[in-house]
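Peer 1: Next comes input.txt, compact mmCIF, C-alpha atoms and all ligand atoms:
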```
# COMPACT_ATOMS: atom_id res chain seq x y z
CA MET A 20 7.50 -51.25 20.28
CA ALA A 21 5.34 -48.84 22.22
CA THR A 22 8.48 -47.16 23.57
CA LEU A 23 9.89 -46.85 20.07
CA SER A 24 6.79 -45.17 18.68
CA ARG A 25 6.65 -42.83 21.67
CA ALA A 26 10.27 -41.87 20.98
CA LYS A 27 9.53 -41.45 17.28
CA SER A 28 6.55 -39.30 17.98
CA PHE A 29 8.66 -37.15 20.36
CA ILE A 30 11.26 -36.62 17.63
CA ILE A 31 8.60 -35.73 15.08
CA LYS A 32 6.85 -33.36 17.47
CA SER A 33 10.11 -31.65 18.45
CA SER A 34 11.18 -31.16 14.87
CA ILE A 35 7.80 -29.65 13.97
CA PHE A 36 8.15 -27.34 16.98
CA ALA A 37 11.73 -26.48 16.01
CA ALA A 38 10.64 -25.67 12.46
CA ALA A 39 8.08 -23.26 13.81
CA ILE A 40 10.73 -21.37 15.78
CA THR A 41 12.20 -18.45 13.89
CA LEU A 42 15.55 -16.71 14.06
CA SER A 43 14.29 -14.41 16.79
CA GLY A 44 13.63 -17.44 19.02
CA LEU A 45 9.88 -16.88 18.95
CA THR A 46 7.35 -19.12 17.21
CA HIS A 47 5.50 -17.69 14.23
CA ALA A 48 2.34 -17.73 16.31
CA GLU A 49 4.03 -15.34 18.76
CA GLN A 50 5.28 -12.79 16.27
CA PHE A 51 2.54 -12.10 13.74
CA ALA A 52 2.17 -8.43 12.89
CA ILE A 53 0.64 -5.93 10.48
CA ALA A 54 1.46 -2.43 9.24
CA ILE A 55 -0.65 -0.10 7.10
CA HIS A 56 -0.29 3.26 5.38
CA GLY A 57 -2.76 5.85 4.13
CA GLY A 58 -0.31 7.67 1.89
CA ALA A 59 2.75 9.89 2.24
CA GLY A 60 2.99 13.56 1.33
CA THR A 61 2.89 17.17 2.38
CA ILE A 62 1.03 16.37 5.56
CA GLU A 63 1.51 19.27 7.97
CA LYS A 64 0.54 19.35 11.61
CA SER A 65 -0.59 22.97 11.36
CA LYS A 66 -3.31 21.95 8.85
CA PHE A 67 -4.99 19.60 11.35
CA THR A 68 -7.60 20.65 13.87
CA PRO A 69 -7.69 18.38 16.93
CA GLU A 70 -10.96 16.89 15.61
CA LYS A 71 -9.51 16.16 12.18
CA LEU A 72 -6.43 14.59 13.71
CA GLN A 73 -8.54 12.40 15.93
CA ALA A 74 -10.71 11.29 13.01
CA TYR A 75 -7.69 10.30 10.87
CA GLU A 76 -6.02 8.47 13.73
CA ALA A 77 -9.23 6.62 14.55
CA LYS A 78 -9.61 5.47 10.93
CA LEU A 79 -6.00 4.25 10.78
CA LYS A 80 -6.51 2.39 14.06
CA GLN A 81 -9.73 0.84 12.78
CA ALA A 82 -7.90 -0.43 9.68
CA VAL A 83 -4.89 -1.90 11.48
CA ASP A 84 -7.14 -3.48 14.12
CA ALA A 85 -9.31 -5.09 11.41
CA GLY A 86 -6.23 -6.80 9.98
CA TYR A 87 -4.84 -7.69 13.40
CA LYS A 88 -8.07 -9.40 14.43
CA ILE A 89 -7.86 -11.69 11.40
CA LEU A 90 -4.23 -12.58 12.13
CA ASN A 91 -5.01 -13.21 15.78
CA ASN A 92 -7.80 -15.61 14.76
CA ASN A 93 -5.36 -17.62 12.60
CA GLY A 94 -6.37 -15.90 9.36
CA SER A 95 -3.83 -15.52 6.56
CA SER A 96 -1.70 -12.43 5.93
CA THR A 97 -3.55 -11.99 2.62
CA GLU A 98 -6.94 -11.93 4.34
CA ALA A 99 -5.61 -9.49 6.94
CA ILE A 100 -4.23 -6.96 4.47
CA ILE A 101 -7.40 -7.05 2.36
CA ALA A 102 -9.53 -6.33 5.44
CA ALA A 103 -7.28 -3.43 6.48
CA ILE A 104 -7.13 -1.95 2.97
CA GLN A 105 -10.91 -2.19 2.55
CA VAL A 106 -11.44 -0.03 5.65
CA LEU A 107 -9.22 2.62 4.04
CA GLU A 108 -10.77 2.23 0.57
CA ALA A 109 -14.20 2.87 2.08
CA SER A 110 -13.03 6.10 3.76
CA GLU A 111 -13.05 9.50 2.06
CA PHE A 112 -9.88 10.46 3.94
CA PHE A 113 -7.53 8.53 1.69
CA ASN A 114 -6.78 8.44 -2.01
CA ALA A 115 -8.12 4.95 -2.75
CA GLY A 116 -11.63 3.68 -3.41
CA LYS A 117 -14.08 6.29 -2.10
CA GLY A 118 -12.15 9.56 -1.89
CA ALA A 119 -9.89 8.71 -4.83
CA VAL A 120 -8.42 11.68 -6.70
CA TYR A 121 -9.83 12.89 -10.03
CA THR A 122 -8.23 12.43 -13.43
CA TYR A 123 -7.78 15.44 -15.71
CA ASP A 124 -11.11 14.49 -17.32
CA GLY A 125 -12.96 14.55 -14.00
CA GLN A 126 -13.20 10.78 -13.48
CA HIS A 127 -11.58 8.26 -11.17
CA GLU A 128 -9.24 5.53 -12.44
CA LEU A 129 -8.13 3.12 -9.76
CA ASP A 130 -5.05 0.91 -9.46
CA ALA A 131 -4.30 -1.90 -6.99
CA SER A 132 -2.09 -4.92 -6.47
CA ILE A 133 -1.51 -7.75 -4.02
CA MET A 134 1.23 -10.34 -3.54
CA ASP A 135 1.53 -13.55 -1.54
CA GLY A 136 5.04 -14.02 -0.10
CA LYS A 137 4.79 -17.80 0.17
CA THR A 138 3.87 -18.60 -3.43
CA LEU A 139 4.98 -15.32 -5.10
CA ASN A 140 1.56 -15.36 -6.70
CA ALA A 141 0.37 -11.84 -7.46
CA GLY A 142 -2.59 -9.94 -8.90
CA ALA A 143 -2.91 -6.37 -10.14
CA VAL A 144 -5.44 -4.08 -11.81
CA SER A 145 -5.06 -0.66 -13.38
CA GLY A 146 -7.38 2.04 -14.63
CA VAL A 147 -10.60 0.51 -13.28
CA LYS A 148 -13.55 2.87 -12.94
CA THR A 149 -16.44 0.84 -11.57
CA VAL A 150 -15.04 -1.66 -9.09
CA LYS A 151 -15.93 -0.74 -5.51
CA SER A 152 -12.91 -2.47 -3.98
CA PRO A 153 -9.92 -2.58 -6.34
CA ILE A 154 -7.89 -4.61 -3.83
CA ALA A 155 -10.59 -7.31 -3.90
CA LEU A 156 -10.31 -7.39 -7.70
CA ALA A 157 -6.50 -7.63 -7.55
CA ASN A 158 -6.96 -10.60 -5.22
CA GLU A 159 -9.38 -12.25 -7.68
CA VAL A 160 -6.79 -11.80 -10.44
CA LYS A 161 -4.21 -13.44 -8.15
CA ASP A 162 -6.39 -16.41 -7.25
CA ASN A 163 -8.67 -16.93 -10.22
CA SER A 164 -6.90 -15.87 -13.38
CA VAL A 165 -3.82 -17.10 -15.18
CA HIS A 166 -2.55 -13.52 -15.47
CA VAL A 167 -0.91 -11.09 -13.08
CA MET A 168 -2.28 -7.78 -14.35
CA LEU A 169 -5.57 -6.76 -15.95
CA SER A 170 -6.47 -3.25 -17.05
CA GLY A 171 -9.42 -1.02 -17.91
CA THR A 172 -12.64 -2.47 -19.27
CA GLY A 173 -11.22 -6.00 -19.44
CA ALA A 174 -10.51 -5.89 -15.71
CA GLU A 175 -14.05 -4.63 -15.12
CA GLN A 176 -15.53 -7.50 -17.15
CA PHE A 177 -13.49 -9.90 -15.04
CA ALA A 178 -14.79 -8.20 -11.86
CA LYS A 179 -18.35 -8.72 -13.06
CA LYS A 180 -17.67 -12.35 -13.90
CA GLN A 181 -16.23 -12.89 -10.40
CA GLY A 182 -19.33 -11.34 -8.84
CA LEU A 183 -17.59 -8.35 -7.25
CA ALA A 184 -19.53 -5.22 -6.24
CA LEU A 185 -19.68 -2.68 -9.07
CA VAL A 186 -20.55 1.00 -8.65
CA ASP A 187 -21.01 4.07 -10.77
CA ASN A 188 -17.81 6.10 -11.11
CA THR A 189 -19.49 8.90 -9.14
CA TYR A 190 -19.44 6.65 -6.05
CA PHE A 191 -15.77 7.66 -5.67
CA ASP A 192 -16.57 11.42 -5.74
CA SER A 193 -15.69 13.70 -2.85
CA GLU A 194 -15.85 17.45 -2.57
CA HIS A 195 -12.30 18.01 -1.30
CA ARG A 196 -10.77 15.95 -4.12
CA TYR A 197 -12.82 17.87 -6.68
CA GLN A 198 -11.49 21.16 -5.32
CA GLN A 199 -7.99 19.69 -5.60
CA LEU A 200 -8.61 18.91 -9.28
CA LEU A 201 -9.87 22.44 -10.00
CA ASP A 202 -6.80 23.84 -8.23
CA ALA A 203 -4.43 21.55 -10.09
CA LYS A 204 -6.01 22.37 -13.46
CA GLU A 205 -5.71 26.09 -12.83
CA LYS A 206 -2.02 25.69 -11.98
CA LEU A 207 -1.49 23.43 -15.01
CA LYS A 208 -3.07 26.04 -17.29
CA GLN A 209 -0.71 28.75 -16.04
CA GLN A 210 2.36 26.50 -16.21
CA GLU A 211 1.45 25.20 -19.65
CA LYS A 212 1.38 28.77 -20.98
CA GLU A 213 4.90 29.30 -19.67
CA LEU A 214 6.38 25.90 -20.39
CA LYS A 215 4.39 25.23 -23.61
CA ASP A 216 4.09 21.57 -22.68
CA PHE A 217 1.53 19.62 -20.62
CA GLN A 218 4.01 17.03 -19.36
CA ALA A 219 6.50 19.66 -18.20
CA ALA A 220 3.67 21.59 -16.57
CA HIS A 221 2.50 18.43 -14.80
CA GLN A 222 6.02 17.74 -13.59
CA SER A 223 6.14 21.17 -11.96
CA LEU A 224 2.89 20.56 -10.04
CA ASP A 225 3.34 20.60 -6.29
CA ASN A 226 3.81 17.21 -4.62
CA LYS A 227 0.50 17.57 -2.82
CA TYR A 228 -1.22 16.68 -6.11
CA LYS A 229 0.91 13.59 -6.60
CA TYR A 230 0.32 11.75 -3.39
CA GLY A 231 -2.03 9.47 -1.52
CA THR A 232 -2.51 5.74 -1.61
CA VAL A 233 -3.30 3.05 0.92
CA GLY A 234 -1.50 -0.19 1.62
CA ALA A 235 -0.87 -2.97 4.09
CA VAL A 236 1.76 -5.62 4.82
CA ALA A 237 1.44 -8.52 7.24
CA LEU A 238 3.06 -11.64 8.68
CA ASP A 239 0.63 -14.34 9.79
CA LYS A 240 0.85 -17.11 12.38
CA GLN A 241 1.94 -19.56 9.69
CA GLY A 242 4.97 -17.36 8.94
CA ASN A 243 3.67 -16.12 5.59
CA LEU A 244 4.08 -12.56 4.35
CA ALA A 245 1.73 -10.57 2.09
CA ALA A 246 1.59 -7.02 0.72
CA GLY A 247 -1.14 -4.98 -0.98
CA THR A 248 -1.60 -1.44 -2.29
CA SER A 249 -4.64 0.46 -3.62
CA THR A 250 -4.80 3.99 -5.06
CA GLY A 251 -6.59 6.59 -7.14
CA GLY A 252 -3.13 7.63 -8.41
CA MET A 253 -2.26 11.23 -9.13
CA THR A 254 -4.59 14.24 -9.33
CA ALA A 255 -5.15 15.40 -12.94
CA LYS A 256 -3.46 12.32 -14.38
CA ARG A 257 -4.06 11.98 -18.07
CA PHE A 258 -3.70 9.68 -21.07
CA GLY A 259 -4.30 6.51 -19.03
CA ARG A 260 -1.38 7.17 -16.69
CA VAL A 261 -0.58 4.19 -14.47
CA GLY A 262 1.50 4.62 -11.31
CA ASP A 263 3.59 2.26 -9.26
CA ALA A 264 0.80 0.90 -7.03
CA PRO A 265 -0.31 -1.88 -9.44
CA ILE A 266 3.23 -2.72 -10.53
CA ILE A 267 4.61 -5.75 -8.75
CA GLY A 268 8.11 -4.91 -7.59
CA ALA A 269 7.54 -1.14 -7.70
CA GLY A 270 4.59 -0.39 -5.37
CA THR A 271 4.05 -3.86 -3.92
CA TYR A 272 6.24 -6.87 -3.24
CA ALA A 273 6.24 -9.88 -0.90
CA ASN A 274 8.59 -12.81 -0.57
CA ASN A 275 8.87 -15.05 2.51
CA GLN A 276 12.65 -15.18 1.89
CA SER A 277 12.98 -11.48 2.65
CA CYS A 278 10.11 -9.08 3.27
CA ALA A 279 6.77 -7.56 2.23
CA VAL A 280 6.54 -3.93 1.12
CA SER A 281 3.80 -1.46 0.14
CA ALA A 282 4.86 1.93 -1.20
CA THR A 283 3.40 5.41 -1.48
CA GLY A 284 4.81 8.45 -3.20
CA HIS A 285 5.64 9.89 -6.60
CA GLY A 286 4.93 6.73 -8.58
CA GLU A 287 7.16 7.39 -11.57
CA TYR A 288 10.25 7.24 -9.31
CA PHE A 289 9.03 4.12 -7.55
CA ILE A 290 8.65 2.42 -10.92
CA ARG A 291 12.08 3.49 -12.19
CA TYR A 292 13.81 2.45 -8.98
CA HIS A 293 11.72 -0.71 -8.52
CA VAL A 294 11.46 0.31 -4.89
CA ALA A 295 9.50 -2.49 -3.20
CA ALA A 296 11.47 -5.34 -4.79
CA ASP A 297 14.77 -3.49 -4.33
CA ILE A 298 14.26 -3.33 -0.55
CA CYS A 299 13.57 -7.08 -0.40
CA ALA A 300 16.51 -7.88 -2.71
CA ARG A 301 18.97 -5.79 -0.68
CA MET A 302 17.88 -7.62 2.46
CA GLN A 303 18.20 -11.02 0.87
CA TYR A 304 21.43 -10.55 -1.07
CA GLN A 305 23.32 -8.19 1.20
CA GLY A 306 22.23 -9.87 4.44
CA ILE A 307 21.26 -6.49 5.95
CA THR A 308 18.29 -5.78 8.23
CA LEU A 309 14.90 -4.74 6.89
CA ASP A 310 15.28 -1.32 8.48
CA LYS A 311 18.66 -0.73 6.86
CA ALA A 312 17.46 -1.86 3.42
CA ALA A 313 14.27 0.24 3.56
CA ASN A 314 16.11 3.32 4.81
CA VAL A 315 18.84 3.16 2.18
CA VAL A 316 16.28 2.96 -0.62
CA ILE A 317 13.93 5.66 0.71
CA ASN A 318 16.37 8.08 2.29
CA ASP A 319 19.46 7.67 0.07
CA VAL A 320 18.59 6.25 -3.35
CA LEU A 321 15.22 8.00 -3.77
CA VAL A 322 16.27 11.28 -2.17
CA GLU A 323 19.24 11.47 -4.52
CA ALA A 324 16.97 10.77 -7.48
CA GLY A 325 14.43 13.39 -6.36
CA GLY A 326 11.61 10.93 -5.67
CA SER A 327 9.57 11.53 -2.55
CA GLY A 328 7.40 9.13 -0.58
CA GLY A 329 7.76 6.18 1.75
CA VAL A 330 7.07 2.53 2.41
CA ILE A 331 5.76 0.21 5.06
CA ALA A 332 7.70 -3.04 5.27
CA ILE A 333 7.73 -6.19 7.39
CA ASP A 334 10.11 -9.15 7.46
CA ALA A 335 9.66 -12.84 8.24
CA ASN A 336 10.45 -12.20 11.93
CA GLY A 337 7.77 -9.55 12.28
CA ASN A 338 10.19 -6.60 12.27
CA ILE A 339 8.50 -3.50 10.87
CA SER A 340 10.09 -0.50 9.16
CA MET A 341 8.18 2.55 7.89
CA PRO A 342 10.63 5.13 6.50
CA PHE A 343 9.51 8.13 4.42
CA ASN A 344 11.30 11.16 3.03
CA SER A 345 8.20 13.39 2.79
CA LYS A 346 6.76 15.60 5.53
CA GLY A 347 4.45 12.89 6.79
CA MET A 348 2.95 9.48 6.11
CA TYR A 349 -0.34 8.19 7.53
CA ARG A 350 0.68 4.92 9.15
CA ALA A 351 -0.09 2.38 11.85
CA SER A 352 1.22 -0.96 13.00
CA ARG A 353 0.37 -3.65 15.50
CA LYS A 354 2.43 -6.58 16.71
CA ALA A 355 1.24 -9.78 18.44
CA GLY A 356 0.00 -9.08 21.93
CA GLU A 357 0.53 -5.31 21.61
CA GLN A 358 -1.71 -2.33 21.05
CA ALA A 359 -1.86 -0.42 17.75
CA GLN A 360 0.70 2.34 17.15
CA VAL A 361 -0.64 5.17 14.99
CA ALA A 362 1.41 8.05 13.57
CA ILE A 363 1.16 10.71 10.87
CA PHE A 364 4.02 13.22 11.14
CA LYS A 365 7.81 12.86 11.33
CA ASP A 366 8.09 13.27 15.12
N1 LIG A 401 2.20 6.06 -5.75
C1 LIG A 401 0.92 6.55 -6.16
C2 LIG A 401 0.95 6.84 -7.62
O1 LIG A 401 1.93 7.37 -8.12
C3 LIG A 401 0.49 7.75 -5.43
C4 LIG A 401 0.85 7.75 -3.99
O2 LIG A 401 1.24 6.78 -3.41
O3 LIG A 401 0.75 8.77 -3.35
O4 LIG A 401 -0.02 6.59 -8.28
```
Can I see the file as structure tokens?
Ligand code: ASP

Peer 2:
Amino acid sequence: MATLSRAKSFIIKSSIFAAAITLSGLTHAEQFAIAIHGGAGTIEKSKFTPEKLQAYEAKLKQAVDAGYKILNNNGSSTEAIIAAIQVLEASEFFNAGKGAVYTYDGQHELDASIMDGKTLNAGAVSGVKTVKSPIALANEVKDNSVHVMLSGTGAEQFAKKQGLALVDNTYFDSEHRYQQLLDAKEKLKQQEKELKDFQAAHQSLDNKYKYGTVGAVALDKQGNLAAGTSTGGMTAKRFGRVGDAPIIGAGTYANNQSCAVSATGHGEYFIRYHVAADICARMQYQGITLDKAANVVINDVLVEAGGSGGVIAIDANGNISMPFNSKGMYRASRKAGEQAQVAIFKD
């Protein structure tokens, strides 16, 4: 009898162990990983002093390390990406939370979303003006509402009800973003005279006004994926414009069957081409690698369409891919047992 139960327990233990081993031959606990981005765009080396470069790199490292620490301590991928994104939201360097770009009317309207790859549960918010951490609100929508997306004042009421930190819209102010708005408005005025149309004028605005967002993707020790994105959107946006960042499938997607993706770039293209979900679907249905799927979408499909930007993506084996078709993308990643890798430019 005793021998039988010992044998049974051996079989049970081995099958649990086998289940925890992934295709790469490593256990989930050995291959957790995280990647983050601080936006893609016209990021040129020549515009960085050594001090500025160091400051940006340090902030990216701080964010990826914050997420890594949570994963290493058995935290979930969702907890890890929120921690990483909140470091970036609190920094003036990136277009999300503090440091968000200005709307045409001189305010800040923030968008964010989050998705859990195990349950496919998701939460998103758009056009919020007073919520200190939009990614925290997106997570509340995911966990504590029956909806996927809330917008504007309704989303803010929900934030209040959930006890999240609220701030005055001026909390998000920063001098460099205000200068960007004044610049953009001046250019819009000139273009509008020529083109006789605000939308056409906006379309002709340089890409540098259309970029910036933060995001994170992670695989935890339990083998679960998650993705999140948070942004101030586009400088001089108007009429309640909403970008791709809060749209599940466009700016954010996660599914344990394939991958987790957070995007940054010219949002209108990412919405039309359903970029984040398309990368995961290509992987799943075509049986191709994450890197292949992400590169085809960013460097073929989007380039052909004229949409610039990039993504960070991770699969269920902890493989990471971070392609972009713009000049640069603030990014960092860290795999189990390794140090953080931080990069900004193409080479
Ligand atoms: N995708 C964002 C938007 O269109 C901006 C960005 O990622 O740079 O709102």

Peer 1: Would you mind reading off the distance between CA of Pro265 (chain A) and CA of Asp84 (chain A), one decimal, in Å?

Peer 2: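 Computed distance, CA of Pro265 (chain A) to CA of Asp84 (chain A), equals 24.6 Å.
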
Peer 1: Find the residues of chain A that sit at most 8 Å from ligand LIG 401 (chain A); for each, write down the nearest two atoms and how far apart they are in Å, to one decimal. Count all atoms listed in the file. Sort by chain, then by number going up, and give it as CSV.

Peer 2:
```
residue,atom,partner,partner_atom,distance
A:Gly58,CA,A:LIG401,O3,5.5
A:Ala59,CA,A:LIG401,O3,6.0
A:Gly60,CA,A:LIG401,O3,7.1
A:Asn114,CA,A:LIG401,O3,7.7
A:Asp130,CA,A:LIG401,O4,7.7
A:Lys229,CA,A:LIG401,O3,5.8
A:Tyr230,CA,A:LIG401,O3,3.0
A:Gly231,CA,A:LIG401,O3,3.4
A:Thr232,CA,A:LIG401,O2,4.3
A:Val233,CA,A:LIG401,O2,7.3
A:Thr250,CA,A:LIG401,O4,6.3
A:Gly251,CA,A:LIG401,O4,6.7
A:Gly252,CA,A:LIG401,O4,3.3
A:Met253,CA,A:LIG401,O4,5.2
A:Val261,CA,A:LIG401,O4,6.7
A:Gly262,CA,A:LIG401,O4,3.9
A:Asp263,CA,A:LIG401,N1,5.4
A:Ala264,CA,A:LIG401,N1,5.5
A:Gly270,CA,A:LIG401,N1,6.9
A:Ala282,CA,A:LIG401,O2,6.4
A:Thr283,CA,A:LIG401,O2,3.2
A:Gly284,CA,A:LIG401,O2,3.9
A:His285,CA,A:LIG401,O1,4.7
A:Gly286,CA,A:LIG401,O1,3.1
A:Glu287,CA,A:LIG401,O1,6.3
A:Phe289,CA,A:LIG401,N1,7.3
A:Gly328,CA,A:LIG401,O2,7.2
```

Peer 1: Between A:Ala279, A:Val147, A:Val165, A:Ile154, single out the one closest to Ala109 (chain A), counting all atoms listed in the file.

Peer 2: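 That would be A:Ile154, the residue with the smallest distance to Ala109 (chain A).
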
Peer 1: Please, what distance in Å, to one decimal, runs between CA of Glu211 (chain A) and CA of Thr61 (chain A)?

Peer 2: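 Interatomic distance, CA of Glu211 (chain A) to CA of Thr61 (chain A): 23.5 Å.
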
Peer 1: Name the residues in contact with Ala219 (chain A) at a cut-off of 12 Å, using all atoms listed in the file, excluding same-chain residues fewer than 6 positions from it; report them as a list in words.

Peer 2: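 Here the answer would be Leu207, Lys208, Gln209, Gln210, Glu211, Lys212 and Glu213 of chain A.
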
Peer 1: As an exercise, work out the distance from CA of Ile290 (chain A) to CA of Gly268 (chain A) in Å and give it to one decimal place.

Peer 2: 8.1 Å

Peer 1: Which residue is closest to Asn318 (chain A)? Choose from A:Phe343, A:Tyr228, A:Tyr304, A:Tyr75 and count all atoms listed in the file.

Peer 2: A:Phe343

Peer 1: List the spatial neighbours of Lys137 (chain A) as a PyMOL selection string - criterion: any atom at most 12 Å away, all atoms listed in the file, same-chain residues fewer than 5 positions off excluded.

Peer 2: chain A and resi 95-97+238-239+241-246+272-279+335

Peer 1: Need to verify the contact set: Glu111 (chain A), 10 Å, only C-alpha atoms, exclusion of same-chain residues closer than 4 positions in sequence. Can you return it as a list of chain:residue names?

Peer 2: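 Within the cut-off, the hits are A:Leu107, A:Ala115, A:Gly116, A:Lys117, A:Gly118, A:Ala119, A:Phe191, A:Asp192, A:Ser193, A:Glu194, A:His195, A:Arg196.
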
Peer 1: In terms of the shortest atom-to-atom distance over all atoms listed in the file, which of A:Ile266, A:Ala54, A:Ala255, A:Ala74 is closest to Tyr197 (chain A)?

Peer 2: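 So, comparing all the options, the nearest one is A:Ala255.
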
Peer 1: Quick one: everything within 8 Å of Lys240 (chain A), counting all atoms listed in the file, minus sequence neighbours fewer than 6 positions away in the same chain. Send it as a compact mmCIF listing (two decimals) with C-alpha atoms, keeping the file's coordinate frame.

Peer 2:
```txt
# COMPACT_ATOMS: atom_id res chain seq x y z
CA HIS A 47 5.50 -17.69 14.23
CA ALA A 48 2.34 -17.73 16.31
CA GLU A 49 4.03 -15.34 18.76
CA GLN A 50 5.28 -12.79 16.27
CA PHE A 51 2.54 -12.10 13.74
CA LEU A 90 -4.23 -12.58 12.13
CA ASN A 91 -5.01 -13.21 15.78
CA ASN A 93 -5.36 -17.62 12.60
CA GLY A 94 -6.37 -15.90 9.36
CA SER A 95 -3.83 -15.52 6.56
```

Peer 1: Name all residues at most 10 Å from region 63-66 of chain A (count all atoms listed in the file; drop same-chain ones fewer than 6 positions away) and give them as a ChimeraX atom specification.

Peer 2: /A:72,346-347,363-365

Peer 1: Pick the closest to Phe113 (chain A) from A:Gln303, A:Pro342, A:Ser170, A:His56: which is it, counting all atoms listed in the file?

Peer 2: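 Among the listed residues, the smallest separation from Phe113 (chain A) belongs to A:His56.
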
Peer 1: Could you tell me which of A:Gln126, A:Ser249, A:Asn163, A:Gln198 comes closest to Gln181 (chain A) if we count all atoms listed in the file?

Peer 2: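 Smallest separation from Gln181 (chain A) among the options: A:Asn163.
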
Peer 1: Show me, as JSON, the centre and edge lengths in Å to one decimal of the axis-aligned box that covers every listed atom of region 64-83 of chain A with 5 Å on each side.

Peer 2:
```
{"center_x": -5.2, "center_y": 10.5, "center_z": 12.9, "size_x": 21.5, "size_y": 34.9, "size_z": 18.1}
```

Peer 1: When distances are computed from all atoms listed in the file, which of A:Gly306, A:Gly146, A:Gly337, A:Pro153 shows the smallest separation from Arg260 (chain A)?

Peer 2: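 When distances to Arg260 (chain A) are compared using all atoms listed in the file, the smallest one comes from A:Gly146.
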
Peer 1: Would it be fine to have region 220-271 of chain A, with C-alpha atoms, given as a PDB file, in the first residue's frame?

Peer 2:
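What follows is the written file selection.pdb:
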```pdb
ATOM      1  CA  ALA A 220      -3.087  70.272 -41.589  1.00  0.00           C
ATOM      2  CA  HIS A 221      -2.817  67.901 -38.628  1.00  0.00           C
ATOM      3  CA  GLN A 222      -1.948  65.035 -40.932  1.00  0.00           C
ATOM      4  CA  SER A 223       0.961  67.032 -42.327  1.00  0.00           C
ATOM      5  CA  LEU A 224       2.401  67.691 -38.850  1.00  0.00           C
ATOM      6  CA  ASP A 225       5.832  66.198 -38.339  1.00  0.00           C
ATOM      7  CA  ASN A 226       5.937  62.785 -36.650  1.00  0.00           C
ATOM      8  CA  LYS A 227       7.662  64.260 -33.631  1.00  0.00           C
ATOM      9  CA  TYR A 228       4.275  65.640 -32.547  1.00  0.00           C
ATOM     10  CA  LYS A 229       2.570  62.282 -32.927  1.00  0.00           C
ATOM     11  CA  TYR A 230       4.711  60.108 -30.744  1.00  0.00           C
ATOM     12  CA  GLY A 231       5.419  59.020 -27.209  1.00  0.00           C
ATOM     13  CA  THR A 232       3.764  56.461 -24.993  1.00  0.00           C
ATOM     14  CA  VAL A 233       4.929  53.984 -22.400  1.00  0.00           C
ATOM     15  CA  GLY A 234       4.239  50.286 -22.130  1.00  0.00           C
ATOM     16  CA  ALA A 235       5.337  46.969 -20.693  1.00  0.00           C
ATOM     17  CA  VAL A 236       4.931  43.261 -21.412  1.00  0.00           C
ATOM     18  CA  ALA A 237       5.916  40.391 -19.126  1.00  0.00           C
ATOM     19  CA  LEU A 238       5.949  36.629 -18.600  1.00  0.00           C
ATOM     20  CA  ASP A 239       5.782  35.528 -14.964  1.00  0.00           C
ATOM     21  CA  LYS A 240       6.986  32.404 -13.155  1.00  0.00           C
ATOM     22  CA  GLN A 241       3.532  30.856 -13.512  1.00  0.00           C
ATOM     23  CA  GLY A 242       3.826  31.128 -17.311  1.00  0.00           C
ATOM     24  CA  ASN A 243       1.278  33.935 -17.652  1.00  0.00           C
ATOM     25  CA  LEU A 244       1.642  36.847 -20.043  1.00  0.00           C
ATOM     26  CA  ALA A 245       0.387  40.428 -19.613  1.00  0.00           C
ATOM     27  CA  ALA A 246       0.624  43.675 -21.570  1.00  0.00           C
ATOM     28  CA  GLY A 247      -0.116  47.313 -20.710  1.00  0.00           C
ATOM     29  CA  THR A 248       0.164  50.723 -22.382  1.00  0.00           C
ATOM     30  CA  SER A 249      -0.298  54.292 -21.097  1.00  0.00           C
ATOM     31  CA  THR A 250      -0.137  57.566 -23.050  1.00  0.00           C
ATOM     32  CA  GLY A 251      -0.967  61.232 -23.342  1.00  0.00           C
ATOM     33  CA  GLY A 252      -1.631  60.573 -27.050  1.00  0.00           C
ATOM     34  CA  MET A 253      -0.769  63.079 -29.729  1.00  0.00           C
ATOM     35  CA  THR A 254       0.273  66.728 -29.315  1.00  0.00           C
ATOM     36  CA  ALA A 255      -2.532  69.154 -30.291  1.00  0.00           C
ATOM     37  CA  LYS A 256      -5.096  66.363 -30.536  1.00  0.00           C
ATOM     38  CA  ARG A 257      -8.605  67.694 -30.758  1.00  0.00           C
ATOM     39  CA  PHE A 258     -12.283  66.760 -30.650  1.00  0.00           C
ATOM     40  CA  GLY A 259     -11.765  63.972 -28.093  1.00  0.00           C
ATOM     41  CA  ARG A 260      -9.308  62.076 -30.300  1.00  0.00           C
ATOM     42  CA  VAL A 261      -8.524  58.609 -28.961  1.00  0.00           C
ATOM     43  CA  GLY A 262      -5.437  56.717 -30.146  1.00  0.00           C
ATOM     44  CA  ASP A 263      -4.528  53.065 -30.232  1.00  0.00           C
ATOM     45  CA  ALA A 264      -3.123  52.800 -26.690  1.00  0.00           C
ATOM     46  CA  PRO A 265      -6.486  52.114 -24.978  1.00  0.00           C
ATOM     47  CA  ILE A 266      -7.773  49.896 -27.786  1.00  0.00           C
ATOM     48  CA  ILE A 267      -7.394  46.222 -27.012  1.00  0.00           C
ATOM     49  CA  GLY A 268      -5.931  44.548 -30.081  1.00  0.00           C
ATOM     50  CA  ALA A 269      -4.464  47.775 -31.480  1.00  0.00           C
ATOM     51  CA  GLY A 270      -2.086  49.173 -28.826  1.00  0.00           C
ATOM     52  CA  THR A 271      -2.225  46.324 -26.313  1.00  0.00           C
TER      53      THR A 271
END
```
